[in-house]
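Working notes for the structure below.
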Amino acid sequence: MARLHKRIIGLITDFGIKGQHYVSSMKGVILNINPEVNIVDISHSVTPFSIIEASFILNTTYKYYPEGTVFIIVVDPGVGSSREILALKTVNNYYFVGPNNGILSNVFEPNDIMECIEIKNEEYFNKPISNTFHGRDIMAPIAANISKGLPLSNFGVVFNPSKLVSYPIEIKKISDNEIKCTVQYIDDFGNIITNLKANSVSLEDGVFLKLKLEQIEISGKFVQFFEKVIKTSILFLVGSSGFLEISKNQGNAAGDLGVNVGDTITVIFPEVKKK
């Protein structure tokens, strides 16, 4: 008989380096409930309060984990307020615990969700409950109990996925060859990752595109990898996450151009062919 893998809980937070003790306390709560679980630190470097970044990180990582993995997302500007905390299961058998603040709705459509619960059953909470740390006192113990196989219905009441809070990230076709999109992530290399899915347009290697910011317009070649252009040159490529990126070969595009997460930018194509 094949040996089953240990259940996994993945953590995404905006706690940062100085917040590692927050992460550790969440892990302690989890391990007290399920000592056998494998806890993975996906990222604790989300820019504080950034719904867009948290959505991007979750969307580009969760699918690489085994089915049955539980994800906790603690990027929660509304902690302590009346915003709901949800536990949901997707049709492809992943579990997610986090606030209803737009992160989950940016990753999943209602049809992707098999079951969704608003967490209310305090029997499973860590006590006393802090108004400023629901990650430790509500989300961590719920995720730990999910990893032990408890049904979601134990933790609260049914929540309609169509009521997930929306956090729109702009993407709009302006003309036949212009698309306005949003910067959803910037990595430590300064790569500007947009929310424009590469499979939504057809581009040939070597064509020139333009990036239009508020005051400037910059041209760059669309290439398959960085070394196709000379050092520090602007380039466009499809990144590993499947989105169009603006980069510099061995340079920092975001820093040099003054671009930040959440900024809207316009990409001008020589021709856009919808697939």
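The chains in the structure tokens are called A, B, ... from first to last as shown; in each chain the residues are counted from 1, and the ligands are counted from 1 in the order shown.
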Practice problem: List every residue of region 23-63 of chain A that DSSP, applied to the backbone of this structure, places in strand (DSSP E), and write the result as a PyMOL selection string. | Solution: chain A and resi 38-43
Those same residues - C-alpha atoms - I'd like them written as a compact mmCIF listing (two decimals), in the first residue's frame.
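For reference, selection-v5.txt as written:
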# COMPACT_ATOMS: atom_id res chain seq x y z
CA ASN A 38 4.11 19.83 7.61
CA ILE A 39 4.12 23.66 7.75
CA VAL A 40 5.50 25.52 4.73
CA ASP A 41 6.42 29.22 4.73
CA ILE A 42 5.27 30.35 1.29
CA SER A 43 5.90 34.05 1.91
Quiz prompt | Point-to-point distance in Å for CA of Ile186 (chain A) and CA of Tyr94 (chain A) | solution =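 It comes out at 26.4 Å.
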Quiz item: To one decimal place, how far is CA of Lys210 (chain A) from CA of Lys228 (chain A) in Å?
Solution: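 A separation of 17.2 Å between them.
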Quiz item: Out of A:Asp137, A:Glu217, A:Asp176, A:Asp187, which residue has the shortest atom-to-atom distance to Val29 (chain A) when counting only C-alpha atoms?
Solution: A:Asp137
Quiz prompt | Surrounding residues of Gly16 (chain A) excluding itself and chain neighbours under 3 positions, 12 Å, only C-alpha atoms, as a list in words | solution = Ile12, Thr13, Gly19, Gln20, His21, Tyr22, Val23, Asp41, Ser43, His44, Ser45, Val46, Thr47, Pro48, Phe49, Val74 and Val75 of chain A
Quiz item: Can you tell me, as a VMD selection string, what residues are no more than 8 Å from Phe159 (chain A) when counting only C-alpha atoms, ignoring any on the same chain fewer than 2 positions away?
Solution: chain A and resid 116 to 118 157 161 163
Practice problem: Rank A:Asp14, A:Glu109, A:Asp188, A:Glu123 by their smallest atom-to-atom distance to Asn252 (chain A), using only C-alpha atoms, and report the top residue only. | Solution: A:Asp188
Exercise. Taking the chain letters and numbering used in this document, name the residues of region 4-153 of chain A that DSSP puts in helix (DSSP H, G or I), as a PyMOL selection string.
Key: chain A and resi 17-33+51-64+103-107+110-112+122-124+134-147+152-153
Exercise. May I ask which of the residues A:Phe108, A:Tyr185, A:Phe208, A:Phe243 is the closest one to Asp263 (chain A), counting only C-alpha atoms?
Key: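 Smallest separation from Asp263 (chain A) among the options: A:Tyr185.
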Quiz item: Near region 77-92 of chain A, counting only C-alpha atoms, which residues have an atom at most 6 Å away, once you skip same-chain residues fewer than 6 positions from it, shown as number ranges by chain?
Solution: A: 49, 98-100, 112-119, 131-132
Just to be explicit: take each residue in the selection above, keep C-alpha atoms, and write the result as a PDB file, in the first residue's frame.
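Output below, filename selection-v8.pdb:
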ATOM      1  CA  PHE A  49      -1.888  45.324   3.601  1.00  0.00           C
ATOM      2  CA  GLY A  98      -8.467  33.768   5.315  1.00  0.00           C
ATOM      3  CA  PRO A  99     -10.365  37.049   5.525  1.00  0.00           C
ATOM      4  CA  ASN A 100     -13.074  37.967   3.048  1.00  0.00           C
ATOM      5  CA  ASP A 112     -14.260  26.963  -8.433  1.00  0.00           C
ATOM      6  CA  ILE A 113     -15.514  26.597  -4.866  1.00  0.00           C
ATOM      7  CA  MET A 114     -17.089  23.368  -3.645  1.00  0.00           C
ATOM      8  CA  GLU A 115     -17.761  24.456  -0.068  1.00  0.00           C
ATOM      9  CA  CYS A 116     -17.473  27.760   1.782  1.00  0.00           C
ATOM     10  CA  ILE A 117     -18.008  28.401   5.486  1.00  0.00           C
ATOM     11  CA  GLU A 118     -17.997  31.588   7.527  1.00  0.00           C
ATOM     12  CA  ILE A 119     -15.998  30.674  10.616  1.00  0.00           C
ATOM     13  CA  ASN A 131      -8.672  41.551  18.312  1.00  0.00           C
ATOM     14  CA  THR A 132      -5.413  42.190  16.456  1.00  0.00           C
TER      15      THR A 132
END
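As for CA of Pro35 (chain A) and CA of Ile73 (chain A), they are spaced 20.6 Å apart.
Nearest-residue note for Val97 (chain A): choosing from A:Ser162, A:Ser25, A:Asn260, A:Thr69, the minimum distance belongs to A:Thr69, counting only C-alpha atoms.
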Quiz prompt | Contacts of Lys180 (chain A) at 7 Å (only C-alpha atoms; same-chain gap of 2+ positions) as a ChimeraX atom specification | solution = /A:171-174,178,264-267
Selection to disk with C-alpha atoms, as an mmCIF file, in the first residue's frame:
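After the write, again.cif holds the following:
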data_model
loop_
_atom_site.group_PDB
_atom_site.id
_atom_site.type_symbol
_atom_site.label_atom_id
_atom_site.label_comp_id
_atom_site.auth_asym_id
_atom_site.auth_seq_id
_atom_site.Cartn_x
_atom_site.Cartn_y
_atom_site.Cartn_z
ATOM 1 C CA ILE A 171 -7.311 45.404 -17.096
ATOM 2 C CA LYS A 172 -8.957 47.013 -20.107
ATOM 3 C CA LYS A 173 -8.542 47.045 -23.851
ATOM 4 C CA ILE A 174 -8.195 50.687 -24.929
ATOM 5 C CA GLU A 178 -3.359 49.082 -26.493
ATOM 6 C CA THR A 264 -1.855 51.060 -13.924
ATOM 7 C CA ILE A 265 0.272 51.016 -17.055
ATOM 8 C CA THR A 266 -0.483 50.804 -20.764
ATOM 9 C CA VAL A 267 1.190 48.307 -23.068
#
Self-check item: Residue with smallest distance to Ile57 (chain A) - pool A:Ile17, A:Ala253, A:Ile9, A:Val107, counting only C-alpha atoms
Solution: A:Val107
Quiz item: Which residues, written as a list of chain:residue names, have at least one atom at most 9 Å from Gly242 (chain A), with only C-alpha atoms counted and residues fewer than 6 positions away on the same chain left out?
Solution: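 Contacts, in chain order: A:Leu196, A:Lys197, A:Ala198, A:Asn199.
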